[in-house]
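Below is start_12.cif, holding mmCIF, C-alpha atoms (C1' of nucleotides).
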data_final
#
loop_
_atom_site.label_atom_id
_atom_site.label_comp_id
_atom_site.auth_asym_id
_atom_site.auth_seq_id
_atom_site.Cartn_x
_atom_site.Cartn_y
_atom_site.Cartn_z
CA MET R 1 113.89 -37.32 44.26
CA LYS R 2 117.59 -37.52 43.52
CA LEU R 3 120.14 -35.94 45.85
CA ALA R 4 123.81 -35.71 44.93
CA THR R 5 127.10 -34.45 46.34
CA TRP R 6 130.34 -33.59 44.54
CA ASN R 7 133.59 -32.01 45.64
CA VAL R 8 134.50 -30.16 42.44
CA ASN R 9 137.94 -28.85 43.51
CA SER R 10 137.36 -25.31 42.19
CA LEU R 11 134.06 -24.41 40.57
CA ASN R 12 135.93 -21.88 38.46
CA VAL R 13 137.82 -24.70 36.75
CA ARG R 14 134.99 -27.25 36.89
CA LEU R 15 131.86 -25.23 35.95
CA ALA R 16 131.69 -26.84 32.50
CA HIS R 17 131.95 -30.30 34.09
CA VAL R 18 129.15 -29.50 36.53
CA LEU R 19 126.87 -28.27 33.76
CA LYS R 20 127.65 -31.26 31.55
CA TRP R 21 127.09 -33.66 34.45
CA LEU R 22 123.75 -32.06 35.34
CA GLU R 23 122.65 -32.30 31.73
CA GLU R 24 123.39 -36.04 31.79
CA ASN R 25 122.21 -36.48 35.39
CA PRO R 26 119.36 -34.05 36.06
CA VAL R 27 119.30 -34.63 39.80
CA ASP R 28 116.92 -32.55 41.93
CA VAL R 29 119.60 -31.40 44.35
CA LEU R 30 123.38 -31.15 43.97
CA CYS R 31 125.57 -30.21 46.92
CA ILE R 32 128.97 -28.87 45.87
CA GLN R 33 132.11 -28.50 47.97
CA GLU R 34 135.38 -26.66 47.40
CA THR R 35 133.98 -23.95 45.14
CA LYS R 36 137.02 -21.81 46.09
CA LEU R 37 135.06 -18.71 45.05
CA THR R 38 134.02 -15.58 46.88
CA ASP R 39 130.29 -14.98 46.58
CA ASP R 40 130.73 -12.07 44.15
CA LYS R 41 132.43 -14.45 41.69
CA PHE R 42 129.84 -17.24 41.90
CA PRO R 43 128.51 -18.28 38.45
CA THR R 44 124.84 -17.87 39.36
CA ALA R 45 123.60 -17.02 35.86
CA ALA R 46 125.11 -20.11 34.19
CA ILE R 47 123.60 -22.39 36.84
CA GLU R 48 120.18 -20.75 36.66
CA ALA R 49 120.27 -21.06 32.88
CA ALA R 50 120.69 -24.81 33.40
CA GLY R 51 117.40 -24.87 35.32
CA TYR R 52 118.71 -24.75 38.88
CA GLN R 53 118.23 -22.38 41.75
CA VAL R 54 121.36 -21.95 43.80
CA VAL R 55 122.58 -20.78 47.19
CA PHE R 56 126.23 -20.53 48.12
CA SER R 57 128.69 -19.56 50.81
CA GLY R 58 132.25 -19.06 49.73
CA GLN R 59 135.60 -17.49 50.48
CA LYS R 60 138.84 -16.76 48.68
CA THR R 61 141.15 -19.67 47.72
CA TYR R 62 139.79 -22.39 50.02
CA ASN R 63 136.58 -24.22 50.94
CA GLY R 64 133.21 -22.86 49.80
CA VAL R 65 129.92 -24.76 49.46
CA ALA R 66 126.80 -24.47 47.30
CA ILE R 67 123.41 -26.15 46.92
CA LEU R 68 121.83 -26.38 43.46
CA SER R 69 118.16 -27.34 43.23
CA ARG R 70 115.39 -27.76 40.67
CA LEU R 71 112.87 -27.23 43.49
CA PRO R 72 112.42 -24.11 45.64
CA ILE R 73 115.11 -23.57 48.29
CA GLU R 74 113.87 -22.47 51.72
CA ASP R 75 115.20 -21.68 55.20
CA VAL R 76 118.86 -21.33 54.23
CA VAL R 77 121.44 -21.45 57.01
CA LYS R 78 125.14 -20.75 56.48
CA ASN R 79 127.59 -22.35 58.91
CA ASN R 80 126.97 -24.21 62.14
CA PRO R 81 125.42 -21.70 64.57
CA ARG R 82 127.12 -23.57 67.43
CA TYR R 83 130.61 -23.13 65.95
CA GLU R 84 132.43 -19.91 65.15
CA ASP R 85 134.28 -20.71 61.93
CA ALA R 86 135.96 -18.35 59.46
CA GLN R 87 136.03 -21.23 56.95
CA GLN R 88 132.93 -21.60 54.78
CA ARG R 89 132.09 -25.29 55.03
CA ILE R 90 128.36 -25.68 55.73
CA LEU R 91 125.09 -24.80 54.02
CA ALA R 92 121.65 -26.05 55.02
CA ALA R 93 118.31 -25.61 53.28
CA THR R 94 114.87 -27.16 53.11
CA ILE R 95 113.99 -28.55 49.67
CA GLY R 96 110.93 -30.59 48.77
CA GLY R 97 110.24 -31.44 52.40
CA VAL R 98 113.82 -32.60 53.03
CA ARG R 99 116.30 -30.75 55.21
CA VAL R 100 119.48 -30.81 53.12
CA VAL R 101 122.87 -30.18 54.73
CA CYS R 102 125.89 -29.64 52.45
CA ALA R 103 129.13 -30.13 54.36
CA TYR R 104 132.83 -29.89 53.60
CA VAL R 105 134.50 -31.51 56.59
CA PRO R 106 138.08 -30.34 57.27
CA ASN R 107 140.84 -32.50 55.80
CA GLY R 108 142.96 -32.70 58.94
CA GLN R 109 146.31 -32.78 57.08
CA ALA R 110 148.00 -35.34 59.37
CA VAL R 111 147.18 -37.00 62.69
CA ASP R 112 147.81 -34.83 65.76
CA THR R 113 148.52 -31.66 63.80
CA GLU R 114 146.70 -28.42 64.55
CA LYS R 115 144.43 -29.06 61.57
CA TYR R 116 143.62 -32.56 62.80
CA ILE R 117 142.58 -31.16 66.17
CA TYR R 118 140.47 -28.54 64.37
CA LYS R 119 138.83 -31.33 62.36
CA LEU R 120 137.89 -33.33 65.46
CA GLY R 121 136.53 -30.27 67.27
CA TRP R 122 134.62 -29.22 64.18
CA LEU R 123 133.05 -32.69 63.90
CA GLN R 124 132.08 -32.71 67.58
CA SER R 125 130.19 -29.45 67.16
CA PHE R 126 128.78 -30.64 63.83
CA ARG R 127 127.31 -33.64 65.63
CA ASP R 128 125.69 -31.45 68.28
CA TRP R 129 124.20 -29.16 65.65
CA LEU R 130 122.92 -32.10 63.57
CA ALA R 131 121.16 -33.36 66.70
CA ASP R 132 119.35 -30.00 66.81
CA GLU R 133 118.53 -30.19 63.09
CA LEU R 134 117.25 -33.75 63.39
CA ALA R 135 114.95 -32.76 66.24
CA LYS R 136 113.49 -30.01 64.04
CA HIS R 137 113.58 -31.89 60.74
CA PRO R 138 112.91 -35.65 60.80
CA ASN R 139 113.63 -35.79 57.06
CA LEU R 140 117.34 -34.98 57.24
CA ALA R 141 119.95 -35.64 54.53
CA VAL R 142 123.58 -34.75 55.22
CA LEU R 143 125.64 -34.76 52.05
CA GLY R 144 129.25 -33.91 51.50
CA ASP R 145 132.94 -34.55 51.57
CA TYR R 146 133.50 -36.03 55.03
CA ASN R 147 137.22 -36.61 54.57
CA ILE R 148 136.78 -39.89 56.48
CA ALA R 149 136.81 -43.44 55.11
CA PRO R 150 134.30 -45.22 57.40
CA GLU R 151 135.86 -48.69 57.25
CA ASP R 152 138.87 -50.51 55.88
CA ARG R 153 136.79 -51.74 52.94
CA ASP R 154 136.52 -48.07 51.92
CA VAL R 155 140.31 -47.90 51.48
CA HIS R 156 142.34 -49.31 48.57
CA ASP R 157 145.25 -50.29 50.83
CA PRO R 158 144.13 -50.44 54.47
CA ALA R 159 147.58 -51.45 55.72
CA ALA R 160 149.23 -48.42 54.14
CA TRP R 161 146.51 -46.11 55.44
CA GLU R 162 146.16 -47.60 58.92
CA GLY R 163 146.12 -44.84 61.50
CA GLN R 164 146.67 -42.15 58.86
CA VAL R 165 144.52 -39.07 58.50
CA LEU R 166 141.13 -39.86 56.85
CA CYS R 167 141.30 -43.37 58.39
CA SER R 168 142.31 -42.84 62.02
CA ASP R 169 140.28 -44.24 64.91
CA LYS R 170 139.37 -40.80 66.25
CA GLU R 171 138.02 -39.67 62.89
CA ARG R 172 136.06 -42.88 62.46
CA ALA R 173 134.67 -42.47 65.97
CA ALA R 174 133.57 -38.93 65.08
CA LEU R 175 131.76 -40.30 62.01
CA GLN R 176 130.25 -43.07 64.12
CA ALA R 177 128.88 -40.37 66.45
CA LEU R 178 126.91 -39.04 63.46
CA PHE R 179 125.62 -42.55 62.72
CA ASP R 180 124.65 -42.81 66.42
CA LEU R 181 122.28 -39.85 65.94
CA GLY R 182 120.27 -42.18 63.72
CA LEU R 183 121.82 -41.18 60.41
CA GLN R 184 122.80 -43.98 58.05
CA ASP R 185 125.39 -44.21 55.27
CA SER R 186 123.06 -44.58 52.28
CA PHE R 187 125.79 -46.25 50.20
CA ARG R 188 125.86 -49.22 52.57
CA LEU R 189 122.12 -49.81 52.32
CA PHE R 190 122.93 -51.57 49.02
CA GLU R 191 125.33 -54.10 47.52
CA HIS R 192 128.34 -52.73 45.63
CA PRO R 193 131.45 -54.15 44.01
CA GLU R 194 134.47 -54.27 46.32
CA LYS R 195 136.82 -51.31 46.07
CA THR R 196 134.21 -48.73 45.14
CA PHE R 197 135.66 -45.31 45.93
CA SER R 198 134.76 -41.62 45.57
CA TRP R 199 138.23 -40.03 45.55
CA TRP R 200 141.49 -40.91 43.81
CA ASP R 201 144.85 -39.14 44.13
CA TYR R 202 145.86 -37.17 41.05
CA ARG R 203 149.36 -38.58 41.45
CA MET R 204 150.81 -41.95 40.53
CA LEU R 205 147.91 -42.87 38.22
CA GLY R 206 145.67 -43.18 41.26
CA PHE R 207 142.43 -43.40 39.31
CA GLN R 208 143.76 -45.71 36.60
CA LYS R 209 144.97 -48.10 39.31
CA ASN R 210 141.83 -47.52 41.41
CA LYS R 211 143.93 -46.45 44.37
CA GLY R 212 141.13 -44.56 46.06
CA LEU R 213 139.13 -43.91 49.18
CA ARG R 214 135.40 -43.59 49.83
CA ILE R 215 135.18 -40.31 51.72
CA ASP R 216 132.13 -38.61 50.16
CA HIS R 217 128.90 -39.68 51.77
CA ILE R 218 125.14 -39.17 51.89
CA LEU R 219 123.79 -39.73 55.39
CA LEU R 220 120.02 -40.15 55.79
CA SER R 221 117.68 -40.08 58.77
CA ALA R 222 115.36 -43.07 59.30
CA PRO R 223 112.34 -41.73 57.37
CA LEU R 224 114.60 -41.07 54.36
CA VAL R 225 116.35 -44.44 54.66
CA ALA R 226 112.89 -45.98 54.30
CA ARG R 227 112.47 -44.06 51.03
CA CYS R 228 115.97 -44.67 49.63
CA GLU R 229 116.01 -47.09 46.69
CA ALA R 230 119.55 -46.52 45.41
CA CYS R 231 122.91 -44.93 46.16
CA ILE R 232 125.69 -44.96 43.59
CA ILE R 233 129.02 -43.31 42.86
CA ASP R 234 129.36 -42.00 39.31
CA ARG R 235 132.96 -42.55 38.22
CA ALA R 236 132.33 -41.15 34.73
CA PRO R 237 133.37 -37.51 35.29
CA ARG R 238 136.63 -38.65 36.91
CA LYS R 239 137.60 -39.82 33.39
CA TRP R 240 136.91 -36.46 31.76
CA GLU R 241 139.68 -34.11 30.80
CA GLN R 242 141.03 -32.07 33.74
CA PRO R 243 138.73 -33.75 36.28
CA SER R 244 138.03 -33.13 39.93
CA ASP R 245 139.78 -35.76 42.07
CA HIS R 246 136.34 -36.63 43.54
CA ALA R 247 133.38 -38.37 41.89
CA PRO R 248 129.71 -37.51 42.53
CA VAL R 249 127.57 -39.63 44.85
CA ILE R 250 123.82 -39.90 44.15
CA ALA R 251 120.99 -41.14 46.39
CA THR R 252 117.53 -41.79 44.97
CA LEU R 253 114.45 -41.37 47.19
CA VAL R 254 110.98 -42.57 46.30
CA PRO R 255 108.10 -40.15 47.03
CA ALA R 256 106.90 -40.05 50.64
"C1'" DA T 257 161.86 -43.84 52.01
"C1'" DT T 258 160.38 -40.19 49.06
"C1'" DG T 259 157.63 -37.79 45.82
"C1'" DG T 260 154.60 -37.85 42.58
"C1'" DC T 261 149.46 -33.93 40.82
"C1'" DA T 262 146.35 -29.97 40.84
"C1'" DA T 263 144.59 -25.32 42.11
"C1'" DG T 264 145.10 -20.59 43.99
"C1'" DT T 265 147.80 -16.62 44.74
"C1'" DA T 266 151.07 -14.35 42.23
"C1'" DG T 267 153.74 -13.25 38.92
"C1'" DA T 268 158.41 -17.51 41.78
"C1'" DA T 269 157.57 -20.54 44.87
"C1'" DC T 270 154.68 -21.26 48.50
"C1'" DT T 271 150.32 -23.63 50.74
"C1'" DT T 272 146.76 -26.86 50.78
"C1'" DG T 273 144.43 -30.80 49.58
"C1'" DA T 274 143.57 -36.22 50.62
#
Final structure tokens representation of the file:
Amino acid sequence: MKLATWNVNSLNVRLAHVLKWLEENPVDVLCIQETKLTDDKFPTAAIEAAGYQVVFSGQKTYNGVAILSRLPIEDVVKNNPRYEDAQQRILAATIGGVRVVCAYVPNGQAVDTEKYIYKLGWLQSFRDWLADELAKHPNLAVLGDYNIAPEDRDVHDPAAWEGQVLCSDKERAALQALFDLGLQDSFRLFEHPEKTFSWWDYRMLGFQKNKGLRIDHILLSAPLVARCEACIIDRAPRKWEQPSDHAPVIATLVPA
DNA sequence: ATGGCAAGTAGAACTTGA
């Protein structure tokens, strides 16, 4: 079973990329963030024609998440029931015996701003809700754009980013609190080249110079860690014309 | 030290992202 996550930075602009990528990478589940589409505008027919069922939760202009699946999608939950949030950032569903959570964690803008405080509060409540989910669903996979680089080795220039949003101690502590639930960063279960990232700034030739961050993650509970045989970041679509600034992350699970 | 790119909303110039 292959599970993937990709922040597409507008599904309206990136639908063709998503369909092309799925044709080349027929994963079982793809979690998408930043659809930036209200539900009435969601391209359900095109995705179903590609062989995927889909559930989505969107809004105008910002945010928006979706889960695409080749297998039946059950027990869908939109948003964190513990957290009143006008922003559409969370979808959960049970697929093939795995509880899949698709999350678009707030960006935070800059340390100590209103949005940063929102991000930390959001993550605190996210942790509490994931504890509930984990108690109900031992096979838990939490995929998404976390907007946090876990360690300095996930940052192209740690000195320049030290203490900045996406890298600050409080954000890293909030991510550690998710790890402390028993969830593991599937990427770090395996060896990778240094400076492997999942996001590169559009500006200043960020991708060409590999000035990136690793902020998109697939977290797995212990029973899924035991089944995980690979986790990779696919840089290929970042090279396509008019790309998303994020690359997809894929985890491969062997059958239970 | 700063801004640089992209997308959405609008229909010029802003807000947001990371």
Using the file's own x, y and z axes, what box holds all listed atoms of segment 175-180 of chain R with 4 Å on each side, keeping edges along x, y and z, and what are its centre and edge lengths in Å to one decimal, as AutoDock Vina command-line options?
--center_x 128.2 --center_y -41.1 --center_z 64.2 --size_x 15.1 --size_y 12.0 --size_z 12.4
TODO: Would you kindly report the residues of chain T within 6 Å of chain R, using all atoms listed in the file, as a ChimeraX atom specification?
DONE: /T:260-261,264
Where does the PyMOL selection byres ((chain R and resi 220-223) around 7) land in this file, that is, which residues does it pick, as a compact mmCIF listing (two decimals) with C-alpha atoms, in the frame of the given file?
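Contents of part37.txt, as written:
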# COMPACT_ATOMS: atom_id res chain seq x y z
CA PRO R 138 112.91 -35.65 60.80
CA ASN R 139 113.63 -35.79 57.06
CA LEU R 140 117.34 -34.98 57.24
CA ALA R 141 119.95 -35.64 54.53
CA VAL R 142 123.58 -34.75 55.22
CA GLY R 182 120.27 -42.18 63.72
CA LEU R 183 121.82 -41.18 60.41
CA GLN R 184 122.80 -43.98 58.05
CA ASP R 185 125.39 -44.21 55.27
CA SER R 186 123.06 -44.58 52.28
CA ILE R 218 125.14 -39.17 51.89
CA LEU R 219 123.79 -39.73 55.39
CA LEU R 224 114.60 -41.07 54.36
CA VAL R 225 116.35 -44.44 54.66
CA ALA R 226 112.89 -45.98 54.30
CA ARG R 227 112.47 -44.06 51.03
Task: Explicit residue set for the PyMOL selection byres ((chain R and resi 177) around 12), as a ChimeraX atom specification - done: /R:120,123-128,130-131,150,170-176,178-184
Using the chain letters and numbers from this file, what does the PyMOL selection byres ((chain R and resi 230) around 12) select? Give the answer as a tab-separated table (two decimals) with C-alpha atoms, in the coordinates of the input.
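After the write, part14.tsv holds the following:
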chain	number	residue	atom	x	y	z
R	1	MET	CA	113.89	-37.32	44.26
R	2	LYS	CA	117.59	-37.52	43.52
R	3	LEU	CA	120.14	-35.94	45.85
R	4	ALA	CA	123.81	-35.71	44.93
R	185	ASP	CA	125.39	-44.21	55.27
R	186	SER	CA	123.06	-44.58	52.28
R	187	PHE	CA	125.79	-46.25	50.20
R	188	ARG	CA	125.86	-49.22	52.57
R	189	LEU	CA	122.12	-49.81	52.32
R	190	PHE	CA	122.93	-51.57	49.02
R	191	GLU	CA	125.33	-54.10	47.52
R	192	HIS	CA	128.34	-52.73	45.63
R	218	ILE	CA	125.14	-39.17	51.89
R	224	LEU	CA	114.60	-41.07	54.36
R	225	VAL	CA	116.35	-44.44	54.66
R	226	ALA	CA	112.89	-45.98	54.30
R	227	ARG	CA	112.47	-44.06	51.03
R	228	CYS	CA	115.97	-44.67	49.63
R	229	GLU	CA	116.01	-47.09	46.69
R	231	CYS	CA	122.91	-44.93	46.16
R	232	ILE	CA	125.69	-44.96	43.59
R	233	ILE	CA	129.02	-43.31	42.86
R	249	VAL	CA	127.57	-39.63	44.85
R	250	ILE	CA	123.82	-39.90	44.15
R	251	ALA	CA	120.99	-41.14	46.39
R	252	THR	CA	117.53	-41.79	44.97
R	253	LEU	CA	114.45	-41.37	47.19
R	254	VAL	CA	110.98	-42.57	46.30
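With distances restricted to all atoms listed in the file, R:Asn79 is the closest residue to Trp122 of chain R from R:Ile32, R:Asn79, R:Asp157, R:Lys136.
In this comparison, which uses all atoms listed in the file, the residue of R:Lys115, R:Arg235, R:Arg89, R:Arg214 approaching Thr35 of chain R most closely is R:Arg89.
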Task: Length of the atom CA of His217 of chain R to atom CA of Asp40 of chain R vector [Å] - done: 28.7 Å
Task: Point-to-point distance from atom CA of Val101 of chain R to atom CA of Leu143 of chain R, Å rounded to tenths - done: 6.0 Å
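Across the structure, atom C1' of DA266 of chain T and atom CA of Gly64 of chain R are spaced 21.2 Å apart.
Taking all atoms listed in the file into account, Ser69 of chain R lies nearest to R:Pro26 out of the set R:Gly121, R:Pro26, R:Gly206, R:Pro193.
Proximity of R:Glu84, R:Asp234, R:Glu34, R:Asp39 to DG273 of chain T, computed with all atoms listed in the file, is greatest for R:Glu34.
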Task: Protein, DNA and RNA residues within 6 Å of (145.9, -27.0, 45.7), only C-alpha atoms (C1' of nucleotides), as an MDAnalysis selection string - done: chainID T and resid 262:263 272:273
